[in-house]
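Asker: Got target.cif for you, mmCIF, N, CA and C atoms:
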```cif
data_upload
loop_
_atom_site.label_atom_id
_atom_site.label_comp_id
_atom_site.auth_asym_id
_atom_site.auth_seq_id
_atom_site.Cartn_x
_atom_site.Cartn_y
_atom_site.Cartn_z
N MET A 1 16.27 -6.15 -11.00
CA MET A 1 14.93 -5.95 -10.49
C MET A 1 14.54 -7.16 -9.65
N SER A 2 13.78 -6.91 -8.62
CA SER A 2 13.36 -7.95 -7.69
C SER A 2 12.45 -8.96 -8.37
N ARG A 3 12.59 -10.21 -7.94
CA ARG A 3 11.66 -11.23 -8.42
C ARG A 3 10.34 -11.15 -7.66
N TYR A 4 10.32 -10.37 -6.58
CA TYR A 4 9.15 -10.28 -5.71
C TYR A 4 8.79 -8.81 -5.45
N PRO A 5 8.37 -8.07 -6.49
CA PRO A 5 8.14 -6.64 -6.29
C PRO A 5 7.08 -6.33 -5.25
N PHE A 6 6.05 -7.14 -5.13
CA PHE A 6 5.01 -6.83 -4.16
C PHE A 6 5.49 -7.11 -2.75
N LEU A 7 6.36 -8.11 -2.59
CA LEU A 7 6.93 -8.36 -1.27
C LEU A 7 7.82 -7.19 -0.88
N ALA A 8 8.56 -6.67 -1.83
CA ALA A 8 9.40 -5.50 -1.55
C ALA A 8 8.52 -4.34 -1.09
N ALA A 9 7.43 -4.13 -1.77
CA ALA A 9 6.51 -3.06 -1.38
C ALA A 9 6.00 -3.29 0.03
N ALA A 10 5.68 -4.53 0.34
CA ALA A 10 5.17 -4.87 1.67
C ALA A 10 6.20 -4.56 2.73
N ILE A 11 7.41 -4.97 2.51
CA ILE A 11 8.46 -4.80 3.50
C ILE A 11 8.72 -3.32 3.75
N ILE A 12 8.70 -2.53 2.70
CA ILE A 12 9.04 -1.12 2.83
C ILE A 12 7.88 -0.31 3.40
N LEU A 13 6.66 -0.62 3.02
CA LEU A 13 5.52 0.16 3.47
C LEU A 13 5.00 -0.25 4.84
N LEU A 14 5.14 -1.51 5.21
CA LEU A 14 4.54 -2.00 6.44
C LEU A 14 4.95 -1.25 7.69
N PRO A 15 6.22 -0.90 7.89
CA PRO A 15 6.57 -0.22 9.14
C PRO A 15 5.84 1.10 9.34
N MET A 16 5.35 1.71 8.28
CA MET A 16 4.63 2.97 8.40
C MET A 16 3.18 2.77 8.81
N MET A 17 2.71 1.55 8.79
CA MET A 17 1.30 1.29 8.96
C MET A 17 0.82 1.26 10.40
N GLY A 18 1.60 0.74 11.30
CA GLY A 18 1.16 0.58 12.67
C GLY A 18 -0.02 -0.37 12.79
N LEU A 19 -0.01 -1.42 12.00
CA LEU A 19 -1.12 -2.36 11.98
C LEU A 19 -0.91 -3.48 12.98
N ALA A 20 -1.91 -3.72 13.81
CA ALA A 20 -1.79 -4.78 14.80
C ALA A 20 -2.93 -5.77 14.73
N GLN A 21 -4.04 -5.38 14.12
CA GLN A 21 -5.20 -6.25 14.08
C GLN A 21 -5.05 -7.33 13.02
N ASP A 22 -5.71 -8.42 13.25
CA ASP A 22 -5.76 -9.51 12.28
C ASP A 22 -6.71 -9.11 11.16
N ALA A 23 -6.25 -9.23 9.92
CA ALA A 23 -7.06 -8.83 8.76
C ALA A 23 -8.37 -9.62 8.70
N GLN A 24 -8.39 -10.81 9.23
CA GLN A 24 -9.59 -11.64 9.19
C GLN A 24 -10.70 -11.09 10.09
N THR A 25 -10.38 -10.40 11.17
CA THR A 25 -11.37 -9.92 12.12
C THR A 25 -11.67 -8.44 11.98
N GLU A 26 -11.04 -7.80 11.04
CA GLU A 26 -11.19 -6.37 10.87
C GLU A 26 -12.55 -6.01 10.29
N VAL A 27 -13.12 -4.94 10.79
CA VAL A 27 -14.38 -4.45 10.25
C VAL A 27 -14.11 -3.70 8.95
N PRO A 28 -15.08 -3.65 8.05
CA PRO A 28 -14.88 -2.92 6.80
C PRO A 28 -14.47 -1.47 7.08
N TRP A 29 -13.50 -0.98 6.33
CA TRP A 29 -12.97 0.35 6.57
C TRP A 29 -13.04 1.25 5.35
N LEU A 30 -13.19 0.68 4.17
CA LEU A 30 -13.17 1.47 2.94
C LEU A 30 -14.59 1.74 2.48
N GLU A 31 -15.05 2.95 2.72
CA GLU A 31 -16.41 3.31 2.34
C GLU A 31 -16.49 3.86 0.92
N THR A 32 -15.41 4.48 0.46
CA THR A 32 -15.41 5.10 -0.86
C THR A 32 -13.98 5.34 -1.35
N LEU A 33 -13.85 5.45 -2.64
CA LEU A 33 -12.57 5.87 -3.23
C LEU A 33 -12.57 7.37 -3.52
N ILE A 34 -13.67 8.03 -3.25
CA ILE A 34 -13.80 9.44 -3.55
C ILE A 34 -13.04 10.26 -2.50
N THR A 35 -12.20 11.16 -2.98
CA THR A 35 -11.45 12.06 -2.11
C THR A 35 -11.62 13.49 -2.62
N GLU A 36 -11.37 14.45 -1.75
CA GLU A 36 -11.55 15.85 -2.13
C GLU A 36 -10.39 16.39 -2.96
N THR A 37 -9.19 15.86 -2.74
CA THR A 37 -8.02 16.41 -3.42
C THR A 37 -7.11 15.29 -3.92
N PRO A 38 -6.24 15.59 -4.86
CA PRO A 38 -5.26 14.60 -5.29
C PRO A 38 -4.36 14.13 -4.14
N GLN A 39 -4.01 15.04 -3.22
CA GLN A 39 -3.17 14.64 -2.09
C GLN A 39 -3.88 13.59 -1.23
N GLN A 40 -5.16 13.79 -0.97
CA GLN A 40 -5.93 12.80 -0.22
C GLN A 40 -6.01 11.49 -1.02
N GLY A 41 -6.10 11.61 -2.34
CA GLY A 41 -6.13 10.42 -3.20
C GLY A 41 -4.83 9.65 -3.12
N PHE A 42 -3.72 10.37 -3.10
CA PHE A 42 -2.42 9.70 -2.96
C PHE A 42 -2.32 9.01 -1.60
N ASP A 43 -2.74 9.70 -0.55
CA ASP A 43 -2.70 9.10 0.79
C ASP A 43 -3.56 7.84 0.83
N LEU A 44 -4.71 7.88 0.19
CA LEU A 44 -5.57 6.70 0.13
C LEU A 44 -4.88 5.58 -0.64
N SER A 45 -4.19 5.91 -1.72
CA SER A 45 -3.51 4.88 -2.50
C SER A 45 -2.43 4.18 -1.67
N ILE A 46 -1.72 4.92 -0.83
CA ILE A 46 -0.71 4.31 0.03
C ILE A 46 -1.40 3.41 1.05
N THR A 47 -2.51 3.86 1.60
CA THR A 47 -3.27 3.04 2.55
C THR A 47 -3.73 1.74 1.89
N LEU A 48 -4.20 1.83 0.66
CA LEU A 48 -4.65 0.63 -0.06
C LEU A 48 -3.49 -0.35 -0.26
N ALA A 49 -2.33 0.17 -0.64
CA ALA A 49 -1.16 -0.68 -0.82
C ALA A 49 -0.78 -1.36 0.50
N ARG A 50 -0.77 -0.60 1.57
CA ARG A 50 -0.41 -1.15 2.88
C ARG A 50 -1.41 -2.23 3.32
N ARG A 51 -2.66 -1.96 3.13
CA ARG A 51 -3.69 -2.94 3.52
C ARG A 51 -3.59 -4.21 2.68
N ALA A 52 -3.25 -4.07 1.41
CA ALA A 52 -3.07 -5.25 0.57
C ALA A 52 -1.92 -6.11 1.11
N VAL A 53 -0.87 -5.45 1.56
CA VAL A 53 0.27 -6.17 2.14
C VAL A 53 -0.17 -6.90 3.40
N LYS A 54 -0.88 -6.21 4.26
CA LYS A 54 -1.34 -6.79 5.52
C LYS A 54 -2.22 -8.02 5.26
N THR A 55 -3.07 -7.93 4.27
CA THR A 55 -3.95 -9.05 3.94
C THR A 55 -3.16 -10.22 3.36
N THR A 56 -2.18 -9.91 2.52
CA THR A 56 -1.38 -10.94 1.87
C THR A 56 -0.44 -11.64 2.83
N GLN A 57 0.19 -10.88 3.72
CA GLN A 57 1.13 -11.46 4.69
C GLN A 57 0.83 -10.87 6.07
N PRO A 58 -0.06 -11.51 6.82
CA PRO A 58 -0.42 -10.98 8.13
C PRO A 58 0.65 -11.17 9.20
N ASP A 59 1.68 -11.97 8.93
CA ASP A 59 2.73 -12.20 9.91
C ASP A 59 3.75 -11.07 9.85
N VAL A 60 3.60 -10.10 10.74
CA VAL A 60 4.45 -8.92 10.74
C VAL A 60 5.92 -9.29 10.94
N GLU A 61 6.18 -10.29 11.74
CA GLU A 61 7.58 -10.68 11.99
C GLU A 61 8.26 -11.17 10.72
N VAL A 62 7.54 -11.87 9.87
CA VAL A 62 8.11 -12.32 8.60
C VAL A 62 8.48 -11.12 7.75
N LEU A 63 7.59 -10.14 7.68
CA LEU A 63 7.87 -8.94 6.89
C LEU A 63 9.04 -8.16 7.46
N LYS A 64 9.06 -7.98 8.77
CA LYS A 64 10.14 -7.22 9.39
C LYS A 64 11.50 -7.89 9.20
N ALA A 65 11.52 -9.20 9.21
CA ALA A 65 12.79 -9.93 9.07
C ALA A 65 13.45 -9.68 7.72
N GLN A 66 12.66 -9.48 6.69
CA GLN A 66 13.20 -9.29 5.35
C GLN A 66 13.38 -7.83 4.96
N ARG A 67 12.86 -6.92 5.75
CA ARG A 67 12.91 -5.50 5.38
C ARG A 67 14.31 -4.98 5.08
N PRO A 68 15.33 -5.30 5.88
CA PRO A 68 16.67 -4.76 5.57
C PRO A 68 17.17 -5.12 4.17
N VAL A 69 16.78 -6.27 3.69
CA VAL A 69 17.21 -6.70 2.35
C VAL A 69 16.56 -5.82 1.27
N TYR A 70 15.26 -5.62 1.39
CA TYR A 70 14.53 -4.89 0.36
C TYR A 70 14.68 -3.38 0.46
N ALA A 71 14.87 -2.88 1.67
CA ALA A 71 14.91 -1.43 1.88
C ALA A 71 16.16 -0.78 1.29
N THR A 72 17.17 -1.56 0.97
CA THR A 72 18.40 -1.00 0.42
C THR A 72 18.61 -1.33 -1.05
N ASP A 73 17.61 -1.88 -1.67
CA ASP A 73 17.71 -2.26 -3.08
C ASP A 73 16.96 -1.25 -3.94
N ALA A 74 17.67 -0.55 -4.81
CA ALA A 74 17.05 0.49 -5.65
C ALA A 74 15.91 -0.07 -6.50
N GLY A 75 16.08 -1.25 -7.04
CA GLY A 75 15.03 -1.85 -7.85
C GLY A 75 13.78 -2.12 -7.06
N ASP A 76 13.95 -2.58 -5.83
CA ASP A 76 12.80 -2.83 -4.97
C ASP A 76 12.08 -1.53 -4.61
N LEU A 77 12.84 -0.48 -4.38
CA LEU A 77 12.23 0.81 -4.07
C LEU A 77 11.43 1.33 -5.26
N ILE A 78 11.95 1.13 -6.45
CA ILE A 78 11.22 1.52 -7.66
C ILE A 78 9.95 0.69 -7.80
N ASP A 79 10.03 -0.60 -7.47
CA ASP A 79 8.85 -1.46 -7.51
C ASP A 79 7.76 -0.94 -6.56
N VAL A 80 8.16 -0.48 -5.40
CA VAL A 80 7.20 0.08 -4.44
C VAL A 80 6.49 1.28 -5.06
N SER A 81 7.24 2.13 -5.74
CA SER A 81 6.63 3.28 -6.39
C SER A 81 5.60 2.84 -7.43
N GLY A 82 5.90 1.76 -8.13
CA GLY A 82 4.96 1.24 -9.13
C GLY A 82 3.67 0.75 -8.51
N VAL A 83 3.76 0.11 -7.37
CA VAL A 83 2.56 -0.35 -6.66
C VAL A 83 1.72 0.85 -6.24
N ALA A 84 2.36 1.84 -5.65
CA ALA A 84 1.64 3.04 -5.23
C ALA A 84 1.01 3.74 -6.43
N ALA A 85 1.73 3.80 -7.54
CA ALA A 85 1.21 4.44 -8.75
C ALA A 85 -0.03 3.73 -9.28
N ALA A 86 -0.02 2.41 -9.24
CA ALA A 86 -1.18 1.64 -9.71
C ALA A 86 -2.41 1.94 -8.86
N TRP A 87 -2.24 1.97 -7.56
CA TRP A 87 -3.36 2.31 -6.67
C TRP A 87 -3.80 3.75 -6.91
N PHE A 88 -2.85 4.67 -7.08
CA PHE A 88 -3.20 6.06 -7.29
C PHE A 88 -3.99 6.22 -8.59
N ALA A 89 -3.63 5.50 -9.62
CA ALA A 89 -4.37 5.56 -10.89
C ALA A 89 -5.82 5.13 -10.68
N THR A 90 -6.02 4.11 -9.87
CA THR A 90 -7.38 3.63 -9.56
C THR A 90 -8.18 4.71 -8.84
N VAL A 91 -7.58 5.30 -7.82
CA VAL A 91 -8.26 6.34 -7.04
C VAL A 91 -8.52 7.57 -7.92
N ALA A 92 -7.55 7.96 -8.73
CA ALA A 92 -7.72 9.12 -9.60
C ALA A 92 -8.86 8.90 -10.59
N ALA A 93 -8.95 7.72 -11.16
CA ALA A 93 -10.04 7.43 -12.09
C ALA A 93 -11.38 7.48 -11.38
N ALA A 94 -11.45 6.97 -10.16
CA ALA A 94 -12.70 6.99 -9.40
C ALA A 94 -13.14 8.43 -9.11
N ASN A 95 -12.19 9.32 -9.05
CA ASN A 95 -12.47 10.73 -8.77
C ASN A 95 -12.54 11.58 -10.02
N ASP A 96 -12.66 10.94 -11.16
CA ASP A 96 -12.69 11.63 -12.45
C ASP A 96 -11.52 12.61 -12.52
N TYR A 97 -10.40 12.18 -11.96
CA TYR A 97 -9.16 12.97 -12.00
C TYR A 97 -9.34 14.36 -11.40
N TRP A 98 -10.26 14.48 -10.44
CA TRP A 98 -10.53 15.72 -9.68
C TRP A 98 -10.93 16.88 -10.57
N ARG A 99 -11.63 16.54 -11.66
CA ARG A 99 -12.15 17.59 -12.54
C ARG A 99 -13.48 18.09 -11.99
N ASP A 100 -13.71 19.36 -12.17
CA ASP A 100 -14.99 19.93 -11.74
C ASP A 100 -16.03 19.76 -12.82
#
```
Please rewrite the model in this file as structure tokens.

Answerer:
Amino acid sequence: MSRYPFLAAAIILLPMMGLAQDAQTEVPWLETLITETPQQGFDLSITLARRAVKTTQPDVEVLKAQRPVYATDAGDLIDVSGVAAAWFATVAAANDYWRD
């Protein structure tokens, strides 16, 4: 297992983000954790994970340089799933688990 599970998550998720702005100058973007469906909740959880990575390591070149190492490690990929699951649990709880 990786000694740096969150870095692994960052490396693997960042290329999907298309983020170019500096986290310091970004306007607030998260208005609510409430979503209409579990699928939207999962999508939000991935966005939260990606944004956490961007805030933690704003140097995209540093992240890209290490991606090949982490992207081929099964343990690191499992760690990424754990990060996404933690965010999803937060969103699901905020939505009362989508109960009517």

Asker: A:Glu36, A:Glu61, A:Asp79, A:Asp73: which is nearest Ala92 in chain A, counting only C-alpha atoms?

Answerer: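 Looking only at the distances to Ala92 in chain A, the closest residue turns out to be A:Glu36.
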
Asker: Give me, please, the distance in Å between CA of Ala85 in chain A and CA of Ser45 in chain A, quoted to one decimal.

Answerer: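 Interatomic distance here is 7.8 Å.
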
Asker: Taking all atoms of range 28-46 of chain A that appear in the file, build a box with edges along x, y and z, extend it by 4 Å on every side, and state its centre and edge lengths in Å to one decimal, as JSON.

Answerer:
```
{"center_x": -8.6, "center_y": 6.4, "center_z": 1.4, "size_x": 23.8, "size_y": 28.1, "size_z": 21.3}
```

Asker: In Å, with one decimal, what is the gap from atom C of Phe88 in chain A to CA of Arg50 in chain A?

Answerer: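 Interatomic distance here is 14.1 Å.
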
Asker: Find the spatial neighbours of Leu44 in chain A, counting only C-alpha atoms, within a cut-off of 9 Å - ignore same-chain residues fewer than 6 positions away - and output them as a ChimeraX atom specification.

Answerer: /A:33,35,87-88,91

Asker: Can I get the selected residues back with N, CA and C atoms, as a short mmCIF file (atom, residue, chain, number, x, y, z; two decimals), keeping the file's coordinate frame?

Answerer:
```
data_model
loop_
_atom_site.label_atom_id
_atom_site.label_comp_id
_atom_site.auth_asym_id
_atom_site.auth_seq_id
_atom_site.Cartn_x
_atom_site.Cartn_y
_atom_site.Cartn_z
N LEU A 33 -13.85 5.45 -2.64
CA LEU A 33 -12.57 5.87 -3.23
C LEU A 33 -12.57 7.37 -3.52
N THR A 35 -12.20 11.16 -2.98
CA THR A 35 -11.45 12.06 -2.11
C THR A 35 -11.62 13.49 -2.62
N TRP A 87 -2.24 1.97 -7.56
CA TRP A 87 -3.36 2.31 -6.67
C TRP A 87 -3.80 3.75 -6.91
N PHE A 88 -2.85 4.67 -7.08
CA PHE A 88 -3.20 6.06 -7.29
C PHE A 88 -3.99 6.22 -8.59
N VAL A 91 -7.58 5.30 -7.82
CA VAL A 91 -8.26 6.34 -7.04
C VAL A 91 -8.52 7.57 -7.92
#
```

Asker: I'd like the interatomic distance between atom N of Pro58 in chain A and atom N of Tyr70 in chain A, to a tenth of an Å.

Answerer: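 Rounded to one decimal, the two atoms are 17.3 Å apart.
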
Asker: Can we get range 79-90 of chain A of that structure written down with all heavy atoms, as an mmCIF file, in the first residue's frame?

Answerer:
```cif
data_model
loop_
_atom_site.group_PDB
_atom_site.id
_atom_site.type_symbol
_atom_site.label_atom_id
_atom_site.label_comp_id
_atom_site.auth_asym_id
_atom_site.auth_seq_id
_atom_site.Cartn_x
_atom_site.Cartn_y
_atom_site.Cartn_z
ATOM 1 N N ASP A 79 -6.589 3.077 -2.967
ATOM 2 C CA ASP A 79 -6.590 4.259 -2.109
ATOM 3 C C ASP A 79 -7.472 5.365 -2.693
ATOM 4 O O ASP A 79 -8.184 6.054 -1.966
ATOM 5 C CB ASP A 79 -5.168 4.793 -1.911
ATOM 6 C CG ASP A 79 -4.313 3.876 -1.058
ATOM 7 O OD1 ASP A 79 -4.874 3.030 -0.323
ATOM 8 O OD2 ASP A 79 -3.077 4.015 -1.127
ATOM 9 N N VAL A 80 -7.418 5.537 -3.995
ATOM 10 C CA VAL A 80 -8.255 6.541 -4.660
ATOM 11 C C VAL A 80 -9.727 6.235 -4.415
ATOM 12 O O VAL A 80 -10.519 7.128 -4.117
ATOM 13 C CB VAL A 80 -7.964 6.593 -6.181
ATOM 14 C CG1 VAL A 80 -8.992 7.432 -6.903
ATOM 15 C CG2 VAL A 80 -6.571 7.118 -6.428
ATOM 16 N N SER A 81 -10.089 4.966 -4.522
ATOM 17 C CA SER A 81 -11.476 4.581 -4.273
ATOM 18 C C SER A 81 -11.886 4.921 -2.847
ATOM 19 O O SER A 81 -13.024 5.335 -2.597
ATOM 20 C CB SER A 81 -11.663 3.084 -4.518
ATOM 21 O OG SER A 81 -11.443 2.787 -5.863
ATOM 22 N N GLY A 82 -10.963 4.752 -1.911
ATOM 23 C CA GLY A 82 -11.254 5.089 -0.515
ATOM 24 C C GLY A 82 -11.504 6.565 -0.306
ATOM 25 O O GLY A 82 -12.391 6.960 0.465
ATOM 26 N N VAL A 83 -10.752 7.396 -0.989
ATOM 27 C CA VAL A 83 -10.949 8.849 -0.901
ATOM 28 C C VAL A 83 -12.321 9.208 -1.459
ATOM 29 O O VAL A 83 -13.082 9.957 -0.840
ATOM 30 C CB VAL A 83 -9.825 9.605 -1.650
ATOM 31 C CG1 VAL A 83 -10.149 11.084 -1.757
ATOM 32 C CG2 VAL A 83 -8.485 9.385 -0.959
ATOM 33 N N ALA A 84 -12.645 8.668 -2.623
ATOM 34 C CA ALA A 84 -13.953 8.943 -3.225
ATOM 35 C C ALA A 84 -15.077 8.447 -2.319
ATOM 36 O O ALA A 84 -16.102 9.115 -2.155
ATOM 37 C CB ALA A 84 -14.047 8.299 -4.607
ATOM 38 N N ALA A 85 -14.896 7.288 -1.711
ATOM 39 C CA ALA A 85 -15.916 6.729 -0.821
ATOM 40 C C ALA A 85 -16.140 7.617 0.400
ATOM 41 O O ALA A 85 -17.280 7.807 0.835
ATOM 42 C CB ALA A 85 -15.523 5.323 -0.394
ATOM 43 N N ALA A 86 -15.078 8.172 0.943
ATOM 44 C CA ALA A 86 -15.208 9.055 2.106
ATOM 45 C C ALA A 86 -16.008 10.308 1.752
ATOM 46 O O ALA A 86 -16.895 10.730 2.509
ATOM 47 C CB ALA A 86 -13.827 9.433 2.640
ATOM 48 N N TRP A 87 -15.720 10.890 0.612
ATOM 49 C CA TRP A 87 -16.485 12.067 0.168
ATOM 50 C C TRP A 87 -17.933 11.669 -0.108
ATOM 51 O O TRP A 87 -18.861 12.409 0.230
ATOM 52 C CB TRP A 87 -15.864 12.690 -1.074
ATOM 53 C CG TRP A 87 -14.663 13.523 -0.782
ATOM 54 C CD1 TRP A 87 -13.367 13.248 -1.116
ATOM 55 C CD2 TRP A 87 -14.617 14.773 -0.094
ATOM 56 N NE1 TRP A 87 -12.532 14.244 -0.679
ATOM 57 C CE2 TRP A 87 -13.274 15.199 -0.054
ATOM 58 C CE3 TRP A 87 -15.587 15.583 0.490
ATOM 59 C CZ2 TRP A 87 -12.881 16.396 0.547
ATOM 60 C CZ3 TRP A 87 -15.188 16.779 1.096
ATOM 61 C CH2 TRP A 87 -13.857 17.163 1.115
ATOM 62 N N PHE A 88 -18.143 10.513 -0.741
ATOM 63 C CA PHE A 88 -19.502 10.083 -1.049
ATOM 64 C C PHE A 88 -20.305 9.873 0.234
ATOM 65 O O PHE A 88 -21.481 10.228 0.300
ATOM 66 C CB PHE A 88 -19.503 8.819 -1.901
ATOM 67 C CG PHE A 88 -20.883 8.412 -2.350
ATOM 68 C CD1 PHE A 88 -21.591 9.186 -3.248
ATOM 69 C CD2 PHE A 88 -21.465 7.255 -1.872
ATOM 70 C CE1 PHE A 88 -22.868 8.825 -3.669
ATOM 71 C CE2 PHE A 88 -22.736 6.884 -2.282
ATOM 72 C CZ PHE A 88 -23.436 7.669 -3.182
ATOM 73 N N ALA A 89 -19.690 9.324 1.253
ATOM 74 C CA ALA A 89 -20.381 9.132 2.537
ATOM 75 C C ALA A 89 -20.829 10.475 3.109
ATOM 76 O O ALA A 89 -21.925 10.588 3.664
ATOM 77 C CB ALA A 89 -19.469 8.392 3.516
ATOM 78 N N THR A 90 -19.995 11.485 2.974
ATOM 79 C CA THR A 90 -20.340 12.830 3.453
ATOM 80 C C THR A 90 -21.537 13.382 2.693
ATOM 81 O O THR A 90 -22.488 13.909 3.287
ATOM 82 C CB THR A 90 -19.126 13.765 3.302
ATOM 83 O OG1 THR A 90 -18.047 13.236 4.060
ATOM 84 C CG2 THR A 90 -19.453 15.176 3.763
#
```
